[in-house]
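K.L.:
So that you have it, the file is work.cif, and it contains mmCIF, C-alpha atoms:
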```
data_my_file
loop_
_atom_site.group_PDB
_atom_site.id
_atom_site.type_symbol
_atom_site.label_atom_id
_atom_site.label_comp_id
_atom_site.auth_asym_id
_atom_site.auth_seq_id
_atom_site.Cartn_x
_atom_site.Cartn_y
_atom_site.Cartn_z
ATOM 1 C CA MET A 1 -12.141 15.496 -4.425
ATOM 2 C CA ARG A 2 -9.197 13.894 -6.230
ATOM 3 C CA GLY A 3 -5.900 13.871 -4.424
ATOM 4 C CA ASP A 4 -2.626 14.800 -6.069
ATOM 5 C CA SER A 5 0.712 13.036 -6.340
ATOM 6 C CA PRO A 6 3.020 12.516 -9.333
ATOM 7 C CA ILE A 7 2.098 9.975 -12.003
ATOM 8 C CA PRO A 8 5.528 9.544 -13.586
ATOM 9 C CA GLN A 9 4.768 7.766 -16.841
ATOM 10 C CA ALA A 10 2.318 8.866 -19.525
ATOM 11 C CA ARG A 11 1.076 6.244 -21.974
ATOM 12 C CA THR A 12 0.490 8.615 -24.865
ATOM 13 C CA SER A 13 1.887 11.902 -26.089
ATOM 14 C CA SER A 14 -0.942 13.678 -24.279
ATOM 15 C CA PRO A 15 -0.627 14.320 -20.520
ATOM 16 C CA TYR A 16 -4.368 13.565 -20.244
ATOM 17 C CA ASP A 17 -4.767 9.819 -20.497
ATOM 18 C CA ILE A 18 -7.607 7.777 -19.056
ATOM 19 C CA ASN A 19 -5.410 4.694 -19.591
ATOM 20 C CA GLN A 20 -2.632 5.810 -17.222
ATOM 21 C CA VAL A 21 -4.232 5.740 -13.804
ATOM 22 C CA SER A 22 -7.928 6.532 -13.800
ATOM 23 C CA THR A 23 -10.217 6.633 -10.785
ATOM 24 C CA SER A 24 -13.911 5.845 -10.948
ATOM 25 C CA TYR A 25 -16.570 6.655 -8.355
ATOM 26 C CA THR A 26 -19.821 4.708 -7.984
ATOM 27 C CA ILE A 27 -22.616 5.637 -5.554
ATOM 28 C CA ARG A 28 -24.795 2.830 -4.200
ATOM 29 C CA ASN A 29 -28.074 2.987 -2.296
ATOM 30 C CA PRO A 30 -28.386 1.502 1.209
ATOM 31 C CA PRO A 31 -27.998 -2.286 0.888
ATOM 32 C CA ALA A 32 -30.491 -4.841 2.149
ATOM 33 C CA ASN A 33 -27.559 -6.617 3.808
ATOM 34 C CA PRO A 34 -25.626 -4.054 5.917
ATOM 35 C CA TRP A 35 -22.525 -6.294 5.902
ATOM 36 C CA ASP A 36 -22.355 -6.240 2.094
ATOM 37 C CA PRO A 37 -22.286 -2.600 0.924
ATOM 38 C CA LEU A 38 -21.760 -3.664 -2.702
ATOM 39 C CA SER A 39 -25.213 -5.253 -2.707
ATOM 40 C CA GLY A 40 -26.791 -1.794 -2.778
ATOM 41 C CA THR A 41 -28.171 -0.765 -6.168
ATOM 42 C CA VAL A 42 -26.145 1.754 -8.174
ATOM 43 C CA ARG A 43 -27.580 5.255 -8.336
ATOM 44 C CA THR A 44 -27.789 6.461 -11.931
ATOM 45 C CA ASP A 45 -28.588 10.098 -11.085
ATOM 46 C CA CYS A 46 -25.148 10.981 -9.695
ATOM 47 C CA THR A 47 -23.523 13.132 -12.380
ATOM 48 C CA GLY A 48 -20.208 13.364 -10.525
ATOM 49 C CA ALA A 49 -19.904 9.625 -10.011
ATOM 50 C CA LYS A 50 -17.810 8.795 -13.065
ATOM 51 C CA THR A 51 -14.260 8.081 -14.196
ATOM 52 C CA TYR A 52 -11.608 10.749 -13.659
ATOM 53 C CA PRO A 53 -8.559 10.451 -15.964
ATOM 54 C CA GLY A 54 -5.025 10.571 -14.694
ATOM 55 C CA TYR A 55 -2.766 13.489 -15.583
ATOM 56 C CA ALA A 56 1.015 13.434 -16.071
ATOM 57 C CA GLY A 57 2.074 16.887 -17.146
ATOM 58 C CA ASP A 58 3.107 20.376 -16.102
ATOM 59 C CA LEU A 59 0.488 21.711 -13.686
ATOM 60 C CA SER A 60 1.470 25.323 -14.354
ATOM 61 C CA LYS A 61 0.355 24.789 -17.962
ATOM 62 C CA ALA A 62 -2.784 22.795 -17.164
ATOM 63 C CA LEU A 63 -3.978 25.502 -14.763
ATOM 64 C CA ASN A 64 -3.164 28.421 -17.096
ATOM 65 C CA GLN A 65 -6.275 29.332 -19.097
ATOM 66 C CA LYS A 66 -4.097 30.828 -21.857
ATOM 67 C CA HIS A 67 -2.001 27.688 -22.382
ATOM 68 C CA ALA A 68 -2.751 24.976 -24.947
ATOM 69 C CA ASP A 69 -2.696 22.249 -22.258
ATOM 70 C CA TYR A 70 -5.566 23.969 -20.457
ATOM 71 C CA LYS A 71 -7.574 24.147 -23.678
ATOM 72 C CA VAL A 72 -7.401 20.383 -24.301
ATOM 73 C CA VAL A 73 -10.948 19.008 -24.391
ATOM 74 C CA THR A 74 -11.302 16.013 -22.071
ATOM 75 C CA PRO A 75 -14.392 13.856 -22.768
ATOM 76 C CA GLY A 76 -17.004 14.417 -20.089
ATOM 77 C CA PHE A 77 -15.247 17.494 -18.713
ATOM 78 C CA GLY A 78 -14.597 19.876 -21.594
ATOM 79 C CA GLN A 79 -11.663 22.288 -21.328
ATOM 80 C CA GLY A 80 -9.660 22.854 -18.181
ATOM 81 C CA TYR A 81 -10.190 19.389 -16.714
ATOM 82 C CA VAL A 82 -7.288 19.603 -14.247
ATOM 83 C CA ALA A 83 -8.377 23.040 -13.094
ATOM 84 C CA GLN A 84 -11.849 21.627 -12.397
ATOM 85 C CA VAL A 85 -10.620 18.913 -10.032
ATOM 86 C CA PHE A 86 -7.144 19.857 -8.745
ATOM 87 C CA ARG A 87 -7.440 20.762 -5.048
ATOM 88 C CA ARG A 88 -11.142 21.441 -5.468
ATOM 89 C CA TRP A 89 -14.294 19.911 -4.066
ATOM 90 C CA VAL A 90 -16.102 18.032 -6.832
ATOM 91 C CA PRO A 91 -19.766 17.081 -6.179
ATOM 92 C CA LEU A 92 -20.245 13.345 -6.667
ATOM 93 C CA CYS A 93 -23.977 13.188 -6.000
ATOM 94 C CA THR A 94 -26.910 15.249 -4.738
ATOM 95 C CA ILE A 95 -29.759 13.148 -3.370
ATOM 96 C CA ALA A 96 -33.069 14.933 -2.844
ATOM 97 C CA SER A 97 -35.043 13.841 0.239
ATOM 98 C CA ALA A 98 -32.525 11.082 0.915
ATOM 99 C CA PRO A 99 -33.994 8.263 3.046
ATOM 100 C CA ALA A 100 -31.978 7.444 6.145
ATOM 101 C CA GLY A 101 -29.414 4.720 5.613
ATOM 102 C CA THR A 102 -25.845 3.946 4.638
ATOM 103 C CA TYR A 103 -24.904 5.034 1.119
ATOM 104 C CA THR A 104 -21.749 3.462 -0.295
ATOM 105 C CA ILE A 105 -19.115 5.322 -2.305
ATOM 106 C CA GLN A 106 -17.164 2.719 -4.257
ATOM 107 C CA VAL A 107 -13.759 3.953 -5.456
ATOM 108 C CA HIS A 108 -11.759 2.013 -8.046
ATOM 109 C CA THR A 109 -8.314 3.101 -9.226
ATOM 110 C CA ASN A 110 -6.401 1.265 -11.930
ATOM 111 C CA GLY A 111 -4.469 1.552 -15.159
ATOM 112 C CA VAL A 112 -4.785 -0.489 -18.341
ATOM 113 C CA GLY A 113 -2.490 -3.377 -19.211
ATOM 114 C CA GLN A 114 0.955 -3.243 -17.636
ATOM 115 C CA ASP A 115 0.724 -0.323 -15.238
ATOM 116 C CA TYR A 116 3.999 1.452 -14.468
ATOM 117 C CA ALA A 117 2.432 4.426 -12.697
ATOM 118 C CA ALA A 118 3.335 5.084 -9.072
ATOM 119 C CA GLY A 119 1.096 7.960 -8.029
ATOM 120 C CA HIS A 120 -0.870 8.058 -4.789
ATOM 121 C CA ASN A 121 -4.640 8.400 -4.995
ATOM 122 C CA ARG A 122 -5.232 10.630 -1.978
ATOM 123 C CA PHE A 123 -8.509 12.455 -1.753
ATOM 124 C CA ALA A 124 -11.017 13.734 0.794
ATOM 125 C CA LEU A 125 -14.737 13.072 1.165
ATOM 126 C CA ARG A 126 -17.428 15.093 2.890
ATOM 127 C CA ALA A 127 -21.218 14.840 3.144
ATOM 128 C CA TYR A 128 -23.686 17.505 4.236
ATOM 129 C CA SER A 129 -27.220 18.806 3.840
ATOM 130 C CA THR A 130 -28.121 22.075 2.133
ATOM 131 C CA THR A 131 -31.688 22.043 3.470
ATOM 132 C CA ASP A 132 -31.479 20.821 7.090
ATOM 133 C CA SER A 133 -29.517 23.001 9.509
ATOM 134 C CA THR A 134 -29.373 20.166 12.065
ATOM 135 C CA ALA A 135 -28.067 17.573 9.595
ATOM 136 C CA LYS A 136 -24.476 18.066 10.756
ATOM 137 C CA ASP A 137 -25.344 15.707 13.616
ATOM 138 C CA LYS A 138 -27.094 13.238 11.325
ATOM 139 C CA VAL A 139 -24.569 12.749 8.515
ATOM 140 C CA SER A 140 -21.158 11.094 8.825
ATOM 141 C CA VAL A 141 -18.511 9.675 6.517
ATOM 142 C CA SER A 142 -17.000 6.359 7.551
ATOM 143 C CA GLY A 143 -14.764 3.628 6.203
ATOM 144 C CA PHE A 144 -15.962 0.052 5.762
ATOM 145 C CA ASN A 145 -13.707 -2.542 7.380
ATOM 146 C CA LYS A 146 -10.440 -0.669 6.772
ATOM 147 C CA MET A 147 -9.517 3.004 6.632
ATOM 148 C CA ALA A 148 -6.326 4.704 5.427
ATOM 149 C CA ILE A 149 -4.903 8.010 6.642
ATOM 150 C CA TYR A 150 -2.022 10.119 5.343
ATOM 151 C CA ALA A 151 -0.111 12.344 7.773
ATOM 152 C CA ASN A 152 2.582 14.833 6.769
ATOM 153 C CA LEU A 153 2.324 17.661 9.321
ATOM 154 C CA PRO A 154 5.559 18.100 11.330
ATOM 155 C CA ASN A 155 5.468 18.032 15.137
ATOM 156 C CA ALA A 156 1.817 16.985 14.983
ATOM 157 C CA THR A 157 -0.399 15.305 17.541
ATOM 158 C CA THR A 158 -3.494 13.998 15.790
ATOM 159 C CA SER A 159 -6.573 12.748 17.591
ATOM 160 C CA PHE A 160 -9.480 11.383 15.571
ATOM 161 C CA PHE A 161 -12.631 9.310 15.979
ATOM 162 C CA LEU A 162 -11.762 5.700 15.237
ATOM 163 C CA THR A 163 -14.793 3.551 15.982
ATOM 164 C CA LYS A 164 -18.065 3.712 17.873
ATOM 165 C CA VAL A 165 -18.164 1.239 20.777
ATOM 166 C CA PRO A 166 -21.582 1.140 22.480
ATOM 167 C CA ALA A 167 -22.105 0.546 26.185
ATOM 168 C CA GLY A 168 -23.350 -2.955 25.349
ATOM 169 C CA ALA A 169 -19.766 -3.947 24.484
ATOM 170 C CA ARG A 170 -18.657 -3.752 28.124
ATOM 171 C CA GLY A 171 -16.816 -6.889 29.146
ATOM 172 C CA GLN A 172 -15.690 -7.597 25.578
ATOM 173 C CA THR A 173 -12.426 -6.836 23.765
ATOM 174 C CA LEU A 174 -11.865 -4.236 21.081
ATOM 175 C CA ASN A 175 -9.094 -5.223 18.671
ATOM 176 C CA VAL A 176 -7.484 -2.313 16.812
ATOM 177 C CA ARG A 177 -5.098 -3.268 14.004
ATOM 178 C CA LEU A 178 -2.573 -0.751 12.634
ATOM 179 C CA PHE A 179 -0.629 -1.233 9.399
ATOM 180 C CA ASP A 180 2.685 0.349 8.390
ATOM 181 C CA ILE A 181 2.932 2.980 11.121
ATOM 182 C CA GLY A 182 6.063 4.934 11.971
ATOM 183 C CA ASP A 183 7.141 6.541 8.664
ATOM 184 C CA SER A 184 8.686 9.599 10.271
ATOM 185 C CA THR A 185 12.096 11.038 11.022
ATOM 186 C CA GLY A 186 11.677 10.068 14.662
ATOM 187 C CA ASN A 187 9.634 7.910 17.000
ATOM 188 C CA GLY A 188 5.983 8.641 17.668
ATOM 189 C CA THR A 189 3.357 7.397 20.099
ATOM 190 C CA VAL A 190 0.054 5.780 19.156
ATOM 191 C CA LYS A 191 -2.586 5.587 21.908
ATOM 192 C CA VAL A 192 -6.151 4.249 22.017
ATOM 193 C CA VAL A 193 -8.266 6.739 23.992
ATOM 194 C CA PRO A 194 -11.727 6.101 25.519
ATOM 195 C CA PRO A 195 -14.728 8.283 24.625
ATOM 196 C CA PRO A 196 -15.066 11.465 26.725
ATOM 197 C CA ASP A 197 -18.539 10.319 27.851
ATOM 198 C CA SER A 198 -17.367 6.846 28.924
ATOM 199 C CA GLY A 199 -16.464 7.765 32.480
ATOM 200 C CA LEU A 200 -12.894 6.625 31.803
ATOM 201 C CA THR A 201 -9.710 8.688 31.609
ATOM 202 C CA LYS A 202 -7.773 5.875 29.933
ATOM 203 C CA PHE A 203 -8.013 2.214 28.951
ATOM 204 C CA THR A 204 -6.103 -0.291 31.093
ATOM 205 C CA GLY A 205 -5.111 -3.903 30.587
ATOM 206 C CA CYS A 206 -4.331 -3.401 26.878
ATOM 207 C CA LYS A 207 -2.038 -5.874 25.140
ATOM 208 C CA GLY A 208 0.033 -5.631 21.983
ATOM 209 C CA PHE A 209 0.451 -8.380 19.381
ATOM 210 C CA GLY A 210 2.731 -8.190 16.347
ATOM 211 C CA VAL A 211 5.883 -6.080 16.113
ATOM 212 C CA THR A 212 5.306 -5.218 19.761
ATOM 213 C CA GLY A 213 4.292 -8.294 21.726
ATOM 214 C CA GLY A 214 4.816 -10.999 19.123
ATOM 215 C CA THR A 215 2.299 -13.833 19.172
ATOM 216 C CA ALA A 216 2.239 -14.133 22.981
ATOM 217 C CA GLY A 217 1.383 -10.488 23.544
ATOM 218 C CA THR A 218 2.720 -7.889 25.940
ATOM 219 C CA ASN A 219 1.093 -5.411 28.299
ATOM 220 C CA LEU A 220 0.833 -1.847 27.032
ATOM 221 C CA THR A 221 1.080 1.050 29.472
ATOM 222 C CA ASP A 222 -1.749 3.559 28.878
ATOM 223 C CA CYS A 223 -2.811 1.476 25.856
ATOM 224 C CA ALA A 224 0.018 3.032 23.805
ATOM 225 C CA ILE A 225 2.850 1.835 21.586
ATOM 226 C CA THR A 226 5.959 3.554 20.244
ATOM 227 C CA ALA A 227 5.827 3.805 16.448
ATOM 228 C CA ASN A 228 9.012 3.663 14.378
ATOM 229 C CA SER A 229 10.457 2.189 11.183
ATOM 230 C CA THR A 230 10.360 -1.378 12.522
ATOM 231 C CA TYR A 231 6.606 -1.369 11.751
ATOM 232 C CA ASN A 232 7.153 -0.798 8.013
ATOM 233 C CA GLY A 233 4.853 -3.046 5.992
ATOM 234 C CA LYS A 234 3.659 -4.870 9.119
ATOM 235 C CA TRP A 235 0.459 -5.153 11.135
ATOM 236 C CA GLN A 236 0.292 -4.332 14.838
ATOM 237 C CA THR A 237 -2.694 -5.271 16.994
ATOM 238 C CA VAL A 238 -3.748 -3.444 20.150
ATOM 239 C CA SER A 239 -6.304 -5.423 22.181
ATOM 240 C CA VAL A 240 -8.400 -3.199 24.420
ATOM 241 C CA PRO A 241 -10.560 -4.752 27.192
ATOM 242 C CA ILE A 242 -13.818 -2.809 27.550
ATOM 243 C CA PRO A 243 -14.299 -2.584 31.341
ATOM 244 C CA THR A 244 -17.531 -3.476 33.090
ATOM 245 C CA ASN A 245 -17.973 0.150 34.258
ATOM 246 C CA TYR A 246 -17.780 1.464 30.685
ATOM 247 C CA THR A 247 -20.734 3.668 29.768
ATOM 248 C CA CYS A 248 -21.619 6.113 26.995
ATOM 249 C CA SER A 249 -24.572 7.631 25.132
ATOM 250 C CA SER A 250 -25.183 5.866 21.822
ATOM 251 C CA SER A 251 -28.105 8.178 21.031
ATOM 252 C CA VAL A 252 -25.768 11.191 20.960
ATOM 253 C CA PRO A 253 -24.002 11.567 17.573
ATOM 254 C CA THR A 254 -20.630 12.194 19.220
ATOM 255 C CA GLY A 255 -21.121 9.637 21.986
ATOM 256 C CA CYS A 256 -19.293 6.304 22.363
ATOM 257 C CA TRP A 257 -16.523 7.140 19.907
ATOM 258 C CA VAL A 258 -13.189 5.539 20.776
ATOM 259 C CA ARG A 259 -10.423 7.810 19.545
ATOM 260 C CA LEU A 260 -6.916 7.163 18.358
ATOM 261 C CA GLN A 261 -4.185 9.638 19.214
ATOM 262 C CA TYR A 262 -0.980 9.747 17.174
ATOM 263 C CA ALA A 263 1.780 12.025 18.479
ATOM 264 C CA TYR A 264 4.717 12.145 16.061
ATOM 265 C CA GLY A 265 6.897 14.005 18.525
ATOM 266 C CA SER A 266 8.723 17.321 18.566
ATOM 267 C CA GLY A 267 11.027 17.903 15.607
ATOM 268 C CA ASN A 268 9.720 14.947 13.621
ATOM 269 C CA GLN A 269 8.639 15.102 9.981
ATOM 270 C CA PRO A 270 6.156 12.334 9.140
ATOM 271 C CA SER A 271 5.323 11.071 5.687
ATOM 272 C CA ASP A 272 3.033 8.363 6.892
ATOM 273 C CA THR A 273 0.293 6.480 5.069
ATOM 274 C CA THR A 274 -1.301 4.076 7.530
ATOM 275 C CA SER A 275 -4.288 1.711 7.526
ATOM 276 C CA TRP A 276 -6.582 0.921 10.443
ATOM 277 C CA THR A 277 -9.180 -1.723 11.154
ATOM 278 C CA ALA A 278 -11.163 -2.545 14.295
ATOM 279 C CA GLY A 279 -13.463 -5.264 15.564
ATOM 280 C CA ILE A 280 -15.092 -6.434 18.771
ATOM 281 C CA GLU A 281 -14.479 -10.143 19.271
ATOM 282 C CA GLY A 282 -14.706 -10.882 15.560
ATOM 283 C CA ASP A 283 -17.527 -8.454 14.776
ATOM 284 C CA PRO A 284 -16.595 -5.561 12.451
ATOM 285 C CA VAL A 285 -17.404 -2.057 13.658
ATOM 286 C CA ARG A 286 -17.684 1.276 11.883
ATOM 287 C CA LEU A 287 -14.528 3.338 11.358
ATOM 288 C CA VAL A 288 -14.706 7.104 11.118
ATOM 289 C CA GLU A 289 -11.928 9.619 10.714
#
```
Rewrite the structure from the file as structure tokens, please.
P.N.:
Amino acid sequence: MRGDSPIPQARTSSPYDINQVSTSYTIRNPPANPWDPLSGTVRTDCTGAKTYPGYAGDLSKALNQKHADYKVVTPGFGQGYVAQVFRRWVPLCTIASAPAGTYTIQVHTNGVGQDYAAGHNRFALRAYSTTDSTAKDKVSVSGFNKMAIYANLPNATTSFFLTKVPAGARGQTLNVRLFDIGDSTGNGTVKVVPPPDSGLTKFTGCKGFGVTGGTAGTNLTDCAITANSTYNGKWQTVSVPIPTNYTCSSSVPTGCWVRLQYAYGSGNQPSDTTSWTAGIEGDPVRLVE
């Protein structure tokens, strides 16, 4: 599903212009090398995996079936292109009898030539089975290496799955890196939380490096930091020692997931686009929102 945010400059007299800011989707099969998702072959049977033009116009006209802007024929979409994709789920691919594995969705957003557009490409992804009622525990959507999240709900406390840390990681260190946190009207609190099945109520011995902690590092109470505007455009690392008594069930779909809790605080209005990455002693791990 395409996200929506203003694209202020059209390149032609038409509000539909594939040369403003277009976004293309490519679906790749499971790669032979799991650390190189782009090595997977491109699926050619995914009708929704294509280029989606940008739009810089009046939405009330583009969504009105009686208006001329709605009746514009967009190549590959016909009439009513914006109405087809604006705040709607758009199927990218249906794979019959899909073999188990990691399928890559490659997203590429760009303009042509000198690009003056300043829109935000925010969208959501979901994956599910229409034939297997138990597939909800077998299918997940995850980010590779880095993941971005946009938060704009006032007074919110968000808790989400960040990365799966198996019991075999006990005794090692999980490094969580956070970029550009704290875009809110007030301070918030970011905390790394252990999996419910880990036998732990909280992580201890965490250290911060970056805006909080500098290069030497500083101890973090409850594995939490206070997020504010001083983190703008900067990375913050939270190093989390995995204790020797850490345990969890990797075979359970919801087991072993370290969570990240972000409490923006009462009365605060966030407008926060943040990026996250995690690794265990140099080894990348899977990120899931």
K.L.:
Separation of atom CA of A:Val42 and atom CA of A:Arg88, in Å?
P.N.:
24.9 Å
K.L.:
For the point (7.1, -0.7, 11.1) in file coordinates, what residues are within 12 Å, counting only C-alpha atoms? Give the answer as a list of chain:residue names?
P.N.:
A:Leu178, A:Phe179, A:Asp180, A:Ile181, A:Gly182, A:Asp183, A:Ser184, A:Asn187, A:Gly188, A:Gly210, A:Val211, A:Thr212, A:Ile225, A:Thr226, A:Ala227, A:Asn228, A:Ser229, A:Thr230, A:Tyr231, A:Asn232, A:Gly233, A:Lys234, A:Trp235, A:Gln236, A:Asp272, A:Thr273, A:Thr274
K.L.:
Between atom CA of A:Leu59 and atom CA of A:Ala83, measure the distance and give it in Å to one decimal.
P.N.:
9.0 Å
K.L.:
Leaving out stretch 145-161 of chain A and any residue of its chain fewer than 2 positions from it, which residues lie within 10 Å of it when counting all atoms listed in the file, given as a count of residues only?
P.N.:
51
K.L.:
Show me, as lines of an AutoDock Vina configuration file, the centre and edge lengths in Å to one decimal of the axis-aligned box that covers every listed atom of stretch 232-246 of chain A with 5 Å on each side.
P.N.:
```
center_x = -5.4
center_y = -2.0
center_z = 20.1
size_x = 35.1
size_y = 16.9
size_z = 38.3
```
K.L.:
Using all atoms listed in the file, can you tell me which of A:Asp45, A:Asp137, A:Asp132, A:Asp197 comes closest to A:Thr247?
P.N.:
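The shortest atom-to-atom distance to A:Thr247 comes from A:Asp197.
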K.L.:
What residues come out when you apply the PyMOL selection byres ((chain A and resi 63) around 10) to this file, written as a ChimeraX atom specification?
P.N.:
/A:58-62,64-67,69-71,80-84,86
K.L.:
Could you save those same residues with C-alpha atoms as a PDB file, in the frame of the given file?
P.N.:
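That gives us out-v5.pdb:
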```
ATOM      1  CA  ASP A  58       3.107  20.376 -16.102  1.00  0.00           C
ATOM      2  CA  LEU A  59       0.488  21.711 -13.686  1.00  0.00           C
ATOM      3  CA  SER A  60       1.470  25.323 -14.354  1.00  0.00           C
ATOM      4  CA  LYS A  61       0.355  24.789 -17.962  1.00  0.00           C
ATOM      5  CA  ALA A  62      -2.784  22.795 -17.164  1.00  0.00           C
ATOM      6  CA  ASN A  64      -3.164  28.421 -17.096  1.00  0.00           C
ATOM      7  CA  GLN A  65      -6.275  29.332 -19.097  1.00  0.00           C
ATOM      8  CA  LYS A  66      -4.097  30.828 -21.857  1.00  0.00           C
ATOM      9  CA  HIS A  67      -2.001  27.688 -22.382  1.00  0.00           C
ATOM     10  CA  ASP A  69      -2.696  22.249 -22.258  1.00  0.00           C
ATOM     11  CA  TYR A  70      -5.566  23.969 -20.457  1.00  0.00           C
ATOM     12  CA  LYS A  71      -7.574  24.147 -23.678  1.00  0.00           C
ATOM     13  CA  GLY A  80      -9.660  22.854 -18.181  1.00  0.00           C
ATOM     14  CA  TYR A  81     -10.190  19.389 -16.714  1.00  0.00           C
ATOM     15  CA  VAL A  82      -7.288  19.603 -14.247  1.00  0.00           C
ATOM     16  CA  ALA A  83      -8.377  23.040 -13.094  1.00  0.00           C
ATOM     17  CA  GLN A  84     -11.849  21.627 -12.397  1.00  0.00           C
ATOM     18  CA  PHE A  86      -7.144  19.857  -8.745  1.00  0.00           C
TER      19      PHE A  86
END
```
K.L.:
Applying 10 Å and all atoms listed in the file, which residues near A:Gly168 remain after dropping the ones on its own chain fewer than 4 positions away? List them as an MDAnalysis selection string.
P.N.:
chainID A and resid 172 242 244 246:248 250
K.L.:
Determine, counting all atoms listed in the file, which protein, DNA and RNA residues have an atom within 7 Å of an atom of stretch 90-106 of chain A; residues of the same chain fewer than 5 positions away are not included. Present the result as JSON, numbers by chain.
P.N.:
{"A": [1, 25, 26, 27, 28, 29, 30, 37, 46, 47, 48, 49, 85]}
K.L.:
For the file shown, what are the residues hit by the PyMOL selection byres ((chain A and resi 203) around 9), laid out as a VMD selection string?
P.N.:
chain A and resid 192 to 194 200 to 202 204 to 206 222 to 223 240 to 243
K.L.:
One decimal, in Å: what's the spacing between atom CA of A:Tyr52 and atom CA of A:Ser129?
P.N.:
24.8 Å
K.L.:
Kindly add N, CA and C atoms to the incomplete stretch 23-37 of chain A and provide the output as an mmCIF file, in the coordinates of the input.
P.N.:
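Listing of result-v9.cif after writing:
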```cif
data_model
loop_
_atom_site.group_PDB
_atom_site.id
_atom_site.type_symbol
_atom_site.label_atom_id
_atom_site.label_comp_id
_atom_site.auth_asym_id
_atom_site.auth_seq_id
_atom_site.Cartn_x
_atom_site.Cartn_y
_atom_site.Cartn_z
ATOM 1 N N THR A 23 -9.476 6.940 -12.006
ATOM 2 C CA THR A 23 -10.217 6.633 -10.785
ATOM 3 C C THR A 23 -11.700 6.815 -11.043
ATOM 4 N N SER A 24 -12.471 5.779 -10.747
ATOM 5 C CA SER A 24 -13.911 5.845 -10.948
ATOM 6 C C SER A 24 -14.631 5.833 -9.605
ATOM 7 N N TYR A 25 -15.746 6.570 -9.556
ATOM 8 C CA TYR A 25 -16.570 6.655 -8.355
ATOM 9 C C TYR A 25 -17.966 6.130 -8.679
ATOM 10 N N THR A 26 -18.480 5.252 -7.835
ATOM 11 C CA THR A 26 -19.821 4.708 -7.984
ATOM 12 C C THR A 26 -20.573 4.913 -6.672
ATOM 13 N N ILE A 27 -21.800 5.419 -6.749
ATOM 14 C CA ILE A 27 -22.616 5.637 -5.554
ATOM 15 C C ILE A 27 -23.692 4.566 -5.500
ATOM 16 N N ARG A 28 -23.807 3.890 -4.370
ATOM 17 C CA ARG A 28 -24.795 2.830 -4.200
ATOM 18 C C ARG A 28 -25.784 3.183 -3.092
ATOM 19 N N ASN A 29 -27.034 2.786 -3.289
ATOM 20 C CA ASN A 29 -28.074 2.987 -2.296
ATOM 21 C C ASN A 29 -27.846 2.087 -1.088
ATOM 22 N N PRO A 30 -28.519 2.372 0.031
ATOM 23 C CA PRO A 30 -28.386 1.502 1.209
ATOM 24 C C PRO A 30 -28.690 0.047 0.868
ATOM 25 N N PRO A 31 -27.807 -0.873 1.239
ATOM 26 C CA PRO A 31 -27.998 -2.286 0.888
ATOM 27 C C PRO A 31 -28.990 -2.980 1.811
ATOM 28 N N ALA A 32 -29.604 -4.036 1.309
ATOM 29 C CA ALA A 32 -30.491 -4.841 2.149
ATOM 30 C C ALA A 32 -29.685 -5.568 3.210
ATOM 31 N N ASN A 33 -28.459 -5.959 2.865
ATOM 32 C CA ASN A 33 -27.559 -6.617 3.808
ATOM 33 C C ASN A 33 -26.503 -5.602 4.253
ATOM 34 N N PRO A 34 -26.566 -5.097 5.484
ATOM 35 C CA PRO A 34 -25.626 -4.054 5.917
ATOM 36 C C PRO A 34 -24.172 -4.492 5.920
ATOM 37 N N TRP A 35 -23.904 -5.806 5.906
ATOM 38 C CA TRP A 35 -22.525 -6.294 5.902
ATOM 39 C C TRP A 35 -21.975 -6.443 4.486
ATOM 40 N N ASP A 36 -22.790 -6.143 3.486
ATOM 41 C CA ASP A 36 -22.355 -6.240 2.094
ATOM 42 C C ASP A 36 -22.732 -4.945 1.376
ATOM 43 N N PRO A 37 -21.935 -3.892 1.519
ATOM 44 C CA PRO A 37 -22.286 -2.600 0.924
ATOM 45 C C PRO A 37 -22.389 -2.636 -0.596
#
```
